[in-house]
$ cat target-v5.csv   # CSV, C-alpha atoms
chain,number,residue,atom,x,y,z
A,1,MET,CA,8.8,-2.8,24.5
A,2,ALA,CA,5.5,-2.5,22.6
A,3,ASP,CA,5.3,-3.7,19.0
A,4,HIS,CA,5.2,-1.2,16.2
A,5,PHE,CA,3.1,-2.1,13.2
A,6,PHE,CA,6.4,-2.4,11.3
A,7,THR,CA,7.8,-4.9,13.7
A,8,ALA,CA,8.8,-8.0,11.8
A,9,GLU,CA,7.7,-10.5,14.4
A,10,PRO,CA,5.1,-9.0,16.8
A,11,THR,CA,5.4,-10.3,20.4
A,12,SER,CA,2.1,-9.0,21.6
A,13,ALA,CA,-0.7,-11.4,22.2
A,14,ASP,CA,-2.5,-12.3,18.9
A,15,VAL,CA,-5.9,-10.9,19.9
A,16,ARG,CA,-8.1,-11.0,16.9
A,17,ARG,CA,-11.3,-9.0,16.1
A,18,THR,CA,-13.2,-8.0,13.0
A,19,VAL,CA,-13.8,-4.5,11.5
A,20,SER,CA,-16.2,-3.5,8.8
A,21,ALA,CA,-15.4,-1.2,5.9
A,22,ARG,CA,-17.1,0.0,2.8
A,23,ILE,CA,-14.7,0.2,-0.2
A,24,TRP,CA,-15.8,1.2,-3.7
A,25,GLY,CA,-19.4,0.5,-2.8
A,26,ARG,CA,-18.8,-3.0,-1.4
A,27,GLU,CA,-19.1,-4.0,2.3
A,28,TYR,CA,-16.1,-5.9,3.8
A,29,THR,CA,-15.5,-7.6,7.1
A,30,PHE,CA,-11.8,-7.9,7.9
A,31,THR,CA,-10.0,-9.8,10.6
A,32,THR,CA,-7.4,-7.7,12.4
A,33,SER,CA,-5.2,-8.2,15.4
A,34,SER,CA,-2.9,-6.4,17.8
A,35,GLY,CA,0.5,-5.6,16.4
A,36,VAL,CA,-0.7,-4.6,13.0
A,37,PHE,CA,-1.5,-1.2,11.5
A,38,SER,CA,-4.9,0.4,12.3
A,39,ARG,CA,-6.3,-2.7,13.9
A,40,ASP,CA,-9.5,-1.1,15.1
A,41,ARG,CA,-10.8,0.4,11.8
A,42,LEU,CA,-9.9,1.2,8.2
A,43,ASP,CA,-7.6,4.1,8.8
A,44,LEU,CA,-8.5,7.5,7.5
A,45,GLY,CA,-5.6,7.9,5.1
A,46,THR,CA,-6.4,4.6,3.4
A,47,SER,CA,-10.1,5.5,3.2
A,48,ILE,CA,-9.2,8.8,1.5
A,49,LEU,CA,-6.8,7.0,-0.9
A,50,LEU,CA,-9.5,4.5,-1.9
A,51,ARG,CA,-12.1,7.3,-2.3
A,52,GLU,CA,-10.0,9.6,-4.4
A,53,ALA,CA,-8.0,7.2,-6.7
A,54,PRO,CA,-9.8,5.6,-9.6
A,55,VAL,CA,-10.9,2.0,-9.3
A,56,PRO,CA,-8.6,-0.2,-11.4
A,57,THR,CA,-10.4,-2.4,-13.9
A,58,THR,CA,-7.9,-3.0,-16.7
A,59,GLY,CA,-6.1,-6.1,-15.3
A,60,GLY,CA,-2.4,-6.3,-14.6
A,61,THR,CA,0.0,-6.8,-11.7
A,62,TYR,CA,-0.5,-4.6,-8.6
A,63,LEU,CA,1.5,-4.0,-5.5
A,64,ASP,CA,0.0,-3.1,-2.2
A,65,LEU,CA,3.0,-1.8,-0.3
A,66,GLY,CA,2.6,-2.0,3.5
A,67,THR,CA,-0.5,-4.1,3.2
A,68,GLY,CA,-1.3,-4.4,6.9
A,69,TYR,CA,-4.2,-6.8,7.2
A,70,GLY,CA,-4.9,-6.4,3.5
A,71,PRO,CA,-7.9,-4.1,2.9
A,72,ILE,CA,-6.3,-2.5,-0.2
A,73,ALA,CA,-5.1,-5.8,-1.7
A,74,CYS,CA,-8.4,-7.5,-1.2
A,75,ALA,CA,-10.4,-4.6,-2.7
A,76,LEU,CA,-8.1,-4.4,-5.7
A,77,ALA,CA,-8.5,-8.1,-6.4
A,78,VAL,CA,-12.3,-8.0,-6.0
A,79,GLU,CA,-12.7,-5.0,-8.2
A,80,ASP,CA,-10.4,-6.2,-11.0
A,81,PRO,CA,-10.9,-9.9,-11.6
A,82,LYS,CA,-8.0,-10.0,-14.0
A,83,ALA,CA,-5.5,-8.6,-11.5
A,84,GLN,CA,-2.7,-10.3,-9.6
A,85,VAL,CA,-2.0,-8.4,-6.4
A,86,TRP,CA,1.2,-8.7,-4.4
A,87,ALA,CA,0.6,-7.7,-0.8
A,88,VAL,CA,3.9,-6.8,0.8
A,89,ASP,CA,4.7,-6.1,4.4
A,90,VAL,CA,7.6,-6.7,6.9
A,91,ASN,CA,5.1,-7.8,9.6
A,92,THR,CA,4.5,-11.5,9.4
A,93,ARG,CA,1.3,-11.3,11.5
A,94,ALA,CA,-0.1,-8.8,9.0
A,95,LEU,CA,0.7,-11.2,6.1
A,96,GLU,CA,-1.2,-14.0,7.9
A,97,LEU,CA,-4.2,-11.7,8.3
A,98,THR,CA,-4.0,-10.6,4.7
A,99,ALA,CA,-4.1,-14.3,3.6
A,100,GLU,CA,-7.1,-14.9,5.8
A,101,ASN,CA,-9.0,-11.8,4.6
A,102,ALA,CA,-8.2,-12.6,1.0
A,103,LYS,CA,-9.7,-16.1,1.5
A,104,ALA,CA,-12.8,-14.6,3.1
A,105,ALA,CA,-13.2,-12.2,0.1
A,106,GLY,CA,-12.8,-15.1,-2.4
A,107,VAL,CA,-9.6,-13.8,-3.9
A,108,SER,CA,-6.9,-15.9,-2.2
A,109,ASN,CA,-5.8,-17.2,-5.6
A,110,ARG,CA,-4.9,-13.7,-6.8
A,111,VAL,CA,-3.6,-12.0,-3.6
A,112,HIS,CA,0.0,-12.9,-2.8
A,113,PRO,CA,1.0,-11.9,0.7
A,114,ALA,CA,4.8,-11.7,0.8
A,115,LEU,CA,7.9,-10.4,2.6
A,116,VAL,CA,10.0,-8.0,0.6
A,117,GLU,CA,12.6,-10.6,-0.2
A,118,ASP,CA,10.0,-13.1,-1.3
A,119,VAL,CA,8.7,-11.1,-4.3
A,120,PRO,CA,10.4,-12.5,-7.4
A,121,GLU,CA,12.9,-10.0,-9.0
A,122,ASP,CA,11.4,-10.3,-12.4
A,123,VAL,CA,7.9,-9.1,-11.3
A,124,ARG,CA,7.0,-5.7,-12.6
A,125,PHE,CA,4.0,-3.7,-11.4
A,126,ASP,CA,1.4,-1.8,-13.4
A,127,GLN,CA,0.2,0.0,-10.3
A,128,ILE,CA,1.5,0.5,-6.8
A,129,TRP,CA,-0.9,1.4,-4.0
A,130,SER,CA,0.3,2.5,-0.6
A,131,ASN,CA,-0.3,4.4,2.6
A,132,PRO,CA,3.5,4.3,3.3
A,133,ALA,CA,5.0,3.9,6.7
A,134,ILE,CA,6.3,7.5,7.1
A,135,HIS,CA,7.4,6.8,10.7
A,136,ILE,CA,10.2,4.5,9.6
A,137,GLY,CA,12.2,7.7,9.0
A,138,LYS,CA,13.0,9.6,5.8
A,139,PRO,CA,16.2,7.6,4.8
A,140,GLU,CA,14.4,4.3,5.0
A,141,LEU,CA,11.2,5.7,3.4
A,142,HIS,CA,13.2,7.0,0.4
A,143,LYS,CA,15.1,3.8,0.1
A,144,MET,CA,11.9,1.8,0.1
A,145,LEU,CA,10.1,4.0,-2.4
A,146,LEU,CA,13.0,4.0,-4.8
A,147,HIS,CA,13.3,0.2,-4.6
A,148,TRP,CA,9.6,-0.4,-5.5
A,149,LEU,CA,9.1,2.5,-8.0
A,150,ALA,CA,12.0,1.1,-10.0
A,151,ARG,CA,9.9,-2.0,-10.5
A,152,LEU,CA,7.0,-0.1,-12.1
A,153,ALA,CA,6.4,-1.2,-15.7
A,154,PRO,CA,6.8,1.6,-18.3
A,155,GLY,CA,3.8,3.9,-18.0
A,156,GLY,CA,2.9,2.4,-14.7
A,157,VAL,CA,1.5,4.5,-11.9
A,158,GLY,CA,1.8,4.7,-8.1
A,159,TRP,CA,-1.0,5.9,-5.8
A,160,PHE,CA,0.1,7.1,-2.4
A,161,VAL,CA,-1.6,8.9,0.5
A,162,VAL,CA,0.5,10.9,2.9
A,163,GLY,CA,-0.4,13.3,5.7
A,164,LYS,CA,0.4,16.9,5.0
A,165,ASN,CA,1.9,17.3,8.4
A,166,LEU,CA,4.1,14.2,7.8
A,167,GLY,CA,5.8,15.8,4.8
A,168,ALA,CA,3.5,15.0,1.8
A,169,ASP,CA,4.5,18.2,-0.1
A,170,SER,CA,8.2,17.7,0.3
A,171,LEU,CA,7.8,14.0,-0.6
A,172,GLN,CA,6.0,15.1,-3.8
A,173,ARG,CA,8.9,17.3,-4.7
A,174,TRP,CA,11.5,14.7,-3.9
A,175,LEU,CA,9.8,12.0,-6.0
A,176,THR,CA,9.7,14.4,-9.0
A,177,GLU,CA,13.4,15.2,-8.5
A,178,GLN,CA,14.2,11.4,-8.6
A,179,GLY,CA,12.7,11.2,-12.0
A,180,TYR,CA,9.2,10.1,-11.1
A,181,PRO,CA,6.7,12.8,-12.0
A,182,CYS,CA,4.4,13.3,-9.1
A,183,GLU,CA,1.2,15.2,-8.9
A,184,ARG,CA,-1.3,15.8,-6.1
A,185,ILE,CA,-4.7,14.6,-7.2
A,186,ALA,CA,-6.7,15.3,-4.0
A,187,SER,CA,-6.5,16.8,-0.5
A,188,ALA,CA,-8.8,15.9,2.3
A,189,LYS,CA,-8.6,15.8,6.1
A,190,SER,CA,-5.0,16.9,6.1
A,191,PHE,CA,-4.0,14.1,3.7
A,192,ARG,CA,-2.6,14.4,0.2
A,193,VAL,CA,-3.3,11.8,-2.5
A,194,LEU,CA,-0.3,11.6,-4.9
A,195,ARG,CA,-0.1,10.1,-8.3
A,196,VAL,CA,3.4,9.0,-9.4
A,197,THR,CA,4.1,8.1,-13.0
A,198,ALA,CA,6.9,5.8,-14.3
A,199,THR,CA,8.7,6.9,-17.4
A,200,ASN,CA,10.9,5.1,-19.9
A,201,GLU,CA,13.8,7.1,-18.6
A,202,ASP,CA,16.2,5.9,-15.9
A,203,PRO,CA,15.4,7.7,-12.6
A,204,ALA,CA,18.0,9.9,-11.0
A,205,PRO,CA,20.3,8.0,-8.6
A,206,SER,CA,19.2,8.0,-5.0

$ encode --input "target-v5.csv" --output "structure tokens"
Amino acid sequence: MADHFFTAEPTSADVRRTVSARIWGREYTFTTSSGVFSRDRLDLGTSILLREAPVPTTGGTYLDLGTGYGPIACALAVEDPKAQVWAVDVNTRALELTAENAKAAGVSNRVHPALVEDVPEDVRFDQIWSNPAIHIGKPELHKMLLHWLARLAPGGVGWFVVGKNLGADSLQRWLTEQGYPCERIASAKSFRVLRVTATNEDPAPS
């Protein structure tokens, strides 16, 4: 059976290549491989997220949820020299690539590739960035989002990009119903960019 990008241990041959991307005015060359998300280019949804969401510059602790080979994590760390970035994925090959790309970008000391269970419980995030894996199914998606949104610091924000035809509008409503006010800040190429805000109130139970 072929690997999915959310396969924990890809069994496909580790055939590496490089892709170029321009993020927030800077040129990057990333190493990618088979068995990871969007191995051939910076995917369109991520490109739209990075174009429409504001560049973070205030420092803090960020989460790149579903990091893939790490383009968001690397760009966050490069743009915000005071930031610590946790780059989380279930795919071990993706985490290896993220570490390699962070080293190439000169930010390996501030980008922390990690499996879900390896992120310390006491870490809280000022921002979450994600092109979430919608294809894992709604129950798992909701569980994942509630897990990480609960770890936003008070007043923290989440930036998400979701395809309109993959349920972006219903996800926006659902997040608000869970106690995380969610607004659409942009639409482009059938994608929605969503801004989720943490409050000081306890979210509704899942």

$ closest_atom_pairs --input "target-v5.csv" --of "range 6-52 of chain A" --to "range 150-167 of chain A" --cutoff "9 Å" --atoms "all atoms listed in the file" --output "JSON lines"
{"residue": "A:Gly45", "atom": "CA", "partner": "A:Val161", "partner_atom": "CA", "distance": 6.2}
{"residue": "A:Thr46", "atom": "CA", "partner": "A:Val161", "partner_atom": "CA", "distance": 7.1}
{"residue": "A:Ile48", "atom": "CA", "partner": "A:Val161", "partner_atom": "CA", "distance": 7.7}
{"residue": "A:Leu49", "atom": "CA", "partner": "A:Val161", "partner_atom": "CA", "distance": 5.7}

$ residues_near_point --input "target-v5.csv" --point "(-16.1, -5.9, 9.6)" --cutoff "8 Å" --atoms "all atoms listed in the file" --output "NGL selection string"
:A and (18-21 or 28-31)

$ closest_residue --input "target-v5.csv" --among "A:Val90, A:Val36, A:Leu44, A:Val123" --to "Phe191 in chain A" --atoms "all atoms listed in the file"
A:Leu44

$ atom_distance --input "target-v5.csv" --atom1 "CA of Thr197 in chain A" --atom2 "CA of Leu141 in chain A"
18.0 Å

$ residues_near_point --input "target-v5.csv" --point "(-10.9, -2.2, -5.3)" --cutoff "9 Å" --atoms "only C-alpha atoms" --output "PyMOL selection string"
chain A and resi 23-24+26+50+54-57+71-80

$ closest_residue --input "target-v5.csv" --among "A:Leu42, A:Ala114, A:Ala188, A:Ile128" --to "Ala94 in chain A" --atoms "all atoms listed in the file"
A:Ala114

$ atom_distance --input "target-v5.csv" --atom1 "CA of Lys103 in chain A" --atom2 "CA of Glu52 in chain A"
26.4 Å

$ atom_distance --input "target-v5.csv" --atom1 "CA of Arg17 in chain A" --atom2 "CA of Thr32 in chain A"
5.5 Å

$ residues_around --input "target-v5.csv" --residues "Gln172 in chain A" --least-positions-apart "3" --cutoff "8 Å" --atoms "all atoms listed in the file" --output "ChimeraX atom specification"
/A:168-169,175-176,182-184,194

$ closest_residue --input "target-v5.csv" --among "A:Leu63, A:Val15, A:Leu115, A:Ala102" --to "Leu149 in chain A" --atoms "only C-alpha atoms"
A:Leu63

$ closest_residue --input "target-v5.csv" --among "A:Pro81, A:Gly35, A:Pro132, A:Gly179" --to "Met144 in chain A" --atoms "all atoms listed in the file"
A:Pro132

$ closest_residue --input "target-v5.csv" --among "A:Ser190, A:Val119, A:Glu27, A:Arg124" --to "Ala105 in chain A" --atoms "all atoms listed in the file"
A:Glu27

$ closest_residue --input "target-v5.csv" --among "A:Lys143, A:Arg16, A:Arg192, A:Arg110" --to "Lys82 in chain A" --atoms "only C-alpha atoms"
A:Arg110

$ residues_around --input "target-v5.csv" --residues "Val116 in chain A" --least-positions-apart "5" --cutoff "12 Å" --atoms "all atoms listed in the file" --output "list in words"
Ala8, Leu63, Asp64, Leu65, Gly66, Thr67, Trp86, Ala87, Val88, Asp89, Val90, Asn91, Thr92, Leu95, Glu121, Met144, His147 and Trp148 of chain A

$ decode --input "target-v5.csv" --residues "range 121-202 of chain A" --atoms "C-alpha atoms" --output "PDB file, in the first residue's frame"
ATOM      1  CA  GLU A 121       2.929  19.220  28.442  1.00  0.00           C
ATOM      2  CA  ASP A 122       3.764  22.598  29.954  1.00  0.00           C
ATOM      3  CA  VAL A 123       4.541  24.291  26.639  1.00  0.00           C
ATOM      4  CA  ARG A 124       1.955  26.906  25.657  1.00  0.00           C
ATOM      5  CA  PHE A 125       1.800  28.537  22.255  1.00  0.00           C
ATOM      6  CA  ASP A 126       1.364  32.163  21.330  1.00  0.00           C
ATOM      7  CA  GLN A 127       0.503  31.208  17.774  1.00  0.00           C
ATOM      8  CA  ILE A 128      -0.460  28.037  15.919  1.00  0.00           C
ATOM      9  CA  TRP A 129       0.065  27.797  12.162  1.00  0.00           C
ATOM     10  CA  SER A 130      -1.383  24.954  10.132  1.00  0.00           C
ATOM     11  CA  ASN A 131      -2.555  23.617   6.823  1.00  0.00           C
ATOM     12  CA  PRO A 132      -4.316  20.801   8.675  1.00  0.00           C
ATOM     13  CA  ALA A 133      -4.630  17.262   7.388  1.00  0.00           C
ATOM     14  CA  ILE A 134      -8.340  17.321   6.562  1.00  0.00           C
ATOM     15  CA  HIS A 135      -8.110  13.858   4.998  1.00  0.00           C
ATOM     16  CA  ILE A 136      -7.595  12.155   8.354  1.00  0.00           C
ATOM     17  CA  GLY A 137     -11.375  12.471   8.796  1.00  0.00           C
ATOM     18  CA  LYS A 138     -13.576  14.826  10.768  1.00  0.00           C
ATOM     19  CA  PRO A 139     -13.480  13.000  14.146  1.00  0.00           C
ATOM     20  CA  GLU A 140      -9.673  12.842  14.194  1.00  0.00           C
ATOM     21  CA  LEU A 141      -9.374  16.381  12.845  1.00  0.00           C
ATOM     22  CA  HIS A 142     -11.628  17.755  15.574  1.00  0.00           C
ATOM     23  CA  LYS A 143      -9.764  15.814  18.246  1.00  0.00           C
ATOM     24  CA  MET A 144      -6.424  17.113  16.983  1.00  0.00           C
ATOM     25  CA  LEU A 145      -7.538  20.730  16.796  1.00  0.00           C
ATOM     26  CA  LEU A 146      -9.079  20.727  20.256  1.00  0.00           C
ATOM     27  CA  HIS A 147      -5.938  19.170  21.706  1.00  0.00           C
ATOM     28  CA  TRP A 148      -3.664  21.890  20.363  1.00  0.00           C
ATOM     29  CA  LEU A 149      -6.007  24.860  20.632  1.00  0.00           C
ATOM     30  CA  ALA A 150      -6.340  24.095  24.345  1.00  0.00           C
ATOM     31  CA  ARG A 151      -2.613  24.822  24.558  1.00  0.00           C
ATOM     32  CA  LEU A 152      -2.858  28.335  23.188  1.00  0.00           C
ATOM     33  CA  ALA A 153      -1.748  30.950  25.683  1.00  0.00           C
ATOM     34  CA  PRO A 154      -4.465  33.437  26.719  1.00  0.00           C
ATOM     35  CA  GLY A 155      -4.942  35.816  23.816  1.00  0.00           C
ATOM     36  CA  GLY A 156      -3.040  33.500  21.479  1.00  0.00           C
ATOM     37  CA  VAL A 157      -4.105  33.012  17.876  1.00  0.00           C
ATOM     38  CA  GLY A 158      -4.255  30.196  15.385  1.00  0.00           C
ATOM     39  CA  TRP A 159      -3.839  30.649  11.638  1.00  0.00           C
ATOM     40  CA  PHE A 160      -5.331  27.900   9.478  1.00  0.00           C
ATOM     41  CA  VAL A 161      -5.877  27.376   5.766  1.00  0.00           C
ATOM     42  CA  VAL A 162      -8.605  24.988   4.616  1.00  0.00           C
ATOM     43  CA  GLY A 163     -10.106  24.287   1.216  1.00  0.00           C
ATOM     44  CA  LYS A 164     -13.656  25.537   0.762  1.00  0.00           C
ATOM     45  CA  ASN A 165     -14.654  22.213  -0.783  1.00  0.00           C
ATOM     46  CA  LEU A 166     -13.064  20.403   2.175  1.00  0.00           C
ATOM     47  CA  GLY A 167     -15.362  21.981   4.726  1.00  0.00           C
ATOM     48  CA  ALA A 168     -13.702  25.275   5.614  1.00  0.00           C
ATOM     49  CA  ASP A 169     -16.972  27.066   6.335  1.00  0.00           C
ATOM     50  CA  SER A 170     -18.388  24.313   8.515  1.00  0.00           C
ATOM     51  CA  LEU A 171     -15.069  24.066  10.350  1.00  0.00           C
ATOM     52  CA  GLN A 172     -15.187  27.797  11.022  1.00  0.00           C
ATOM     53  CA  ARG A 173     -18.636  27.444  12.587  1.00  0.00           C
ATOM     54  CA  TRP A 174     -17.614  24.391  14.586  1.00  0.00           C
ATOM     55  CA  LEU A 175     -14.548  26.100  16.053  1.00  0.00           C
ATOM     56  CA  THR A 176     -16.654  29.037  17.190  1.00  0.00           C
ATOM     57  CA  GLU A 177     -19.151  26.641  18.768  1.00  0.00           C
ATOM     58  CA  GLN A 178     -16.306  25.043  20.721  1.00  0.00           C
ATOM     59  CA  GLY A 179     -15.450  28.373  22.322  1.00  0.00           C
ATOM     60  CA  TYR A 180     -12.728  29.474  19.916  1.00  0.00           C
ATOM     61  CA  PRO A 181     -13.922  32.562  18.020  1.00  0.00           C
ATOM     62  CA  CYS A 182     -13.027  32.007  14.382  1.00  0.00           C
ATOM     63  CA  GLU A 183     -13.142  34.477  11.519  1.00  0.00           C
ATOM     64  CA  ARG A 184     -12.326  34.211   7.852  1.00  0.00           C
ATOM     65  CA  ILE A 185      -9.612  36.725   6.999  1.00  0.00           C
ATOM     66  CA  ALA A 186      -9.133  35.832   3.334  1.00  0.00           C
ATOM     67  CA  SER A 187     -10.377  33.665   0.476  1.00  0.00           C
ATOM     68  CA  ALA A 188      -8.292  32.736  -2.541  1.00  0.00           C
ATOM     69  CA  LYS A 189      -8.177  29.900  -5.059  1.00  0.00           C
ATOM     70  CA  SER A 190     -10.980  28.051  -3.227  1.00  0.00           C
ATOM     71  CA  PHE A 191      -9.112  28.247   0.083  1.00  0.00           C
ATOM     72  CA  ARG A 192     -10.165  30.000   3.272  1.00  0.00           C
ATOM     73  CA  VAL A 193      -7.674  31.491   5.714  1.00  0.00           C
ATOM     74  CA  LEU A 194      -9.072  31.340   9.243  1.00  0.00           C
ATOM     75  CA  ARG A 195      -8.012  33.205  12.364  1.00  0.00           C
ATOM     76  CA  VAL A 196      -8.849  31.479  15.644  1.00  0.00           C
ATOM     77  CA  THR A 197      -8.564  33.361  18.928  1.00  0.00           C
ATOM     78  CA  ALA A 198      -7.989  31.890  22.363  1.00  0.00           C
ATOM     79  CA  THR A 199     -10.000  33.354  25.201  1.00  0.00           C
ATOM     80  CA  ASN A 200      -9.590  33.202  28.946  1.00  0.00           C
ATOM     81  CA  GLU A 201     -12.744  31.115  29.152  1.00  0.00           C
ATOM     82  CA  ASP A 202     -12.762  27.345  29.142  1.00  0.00           C
TER      83      ASP A 202
END
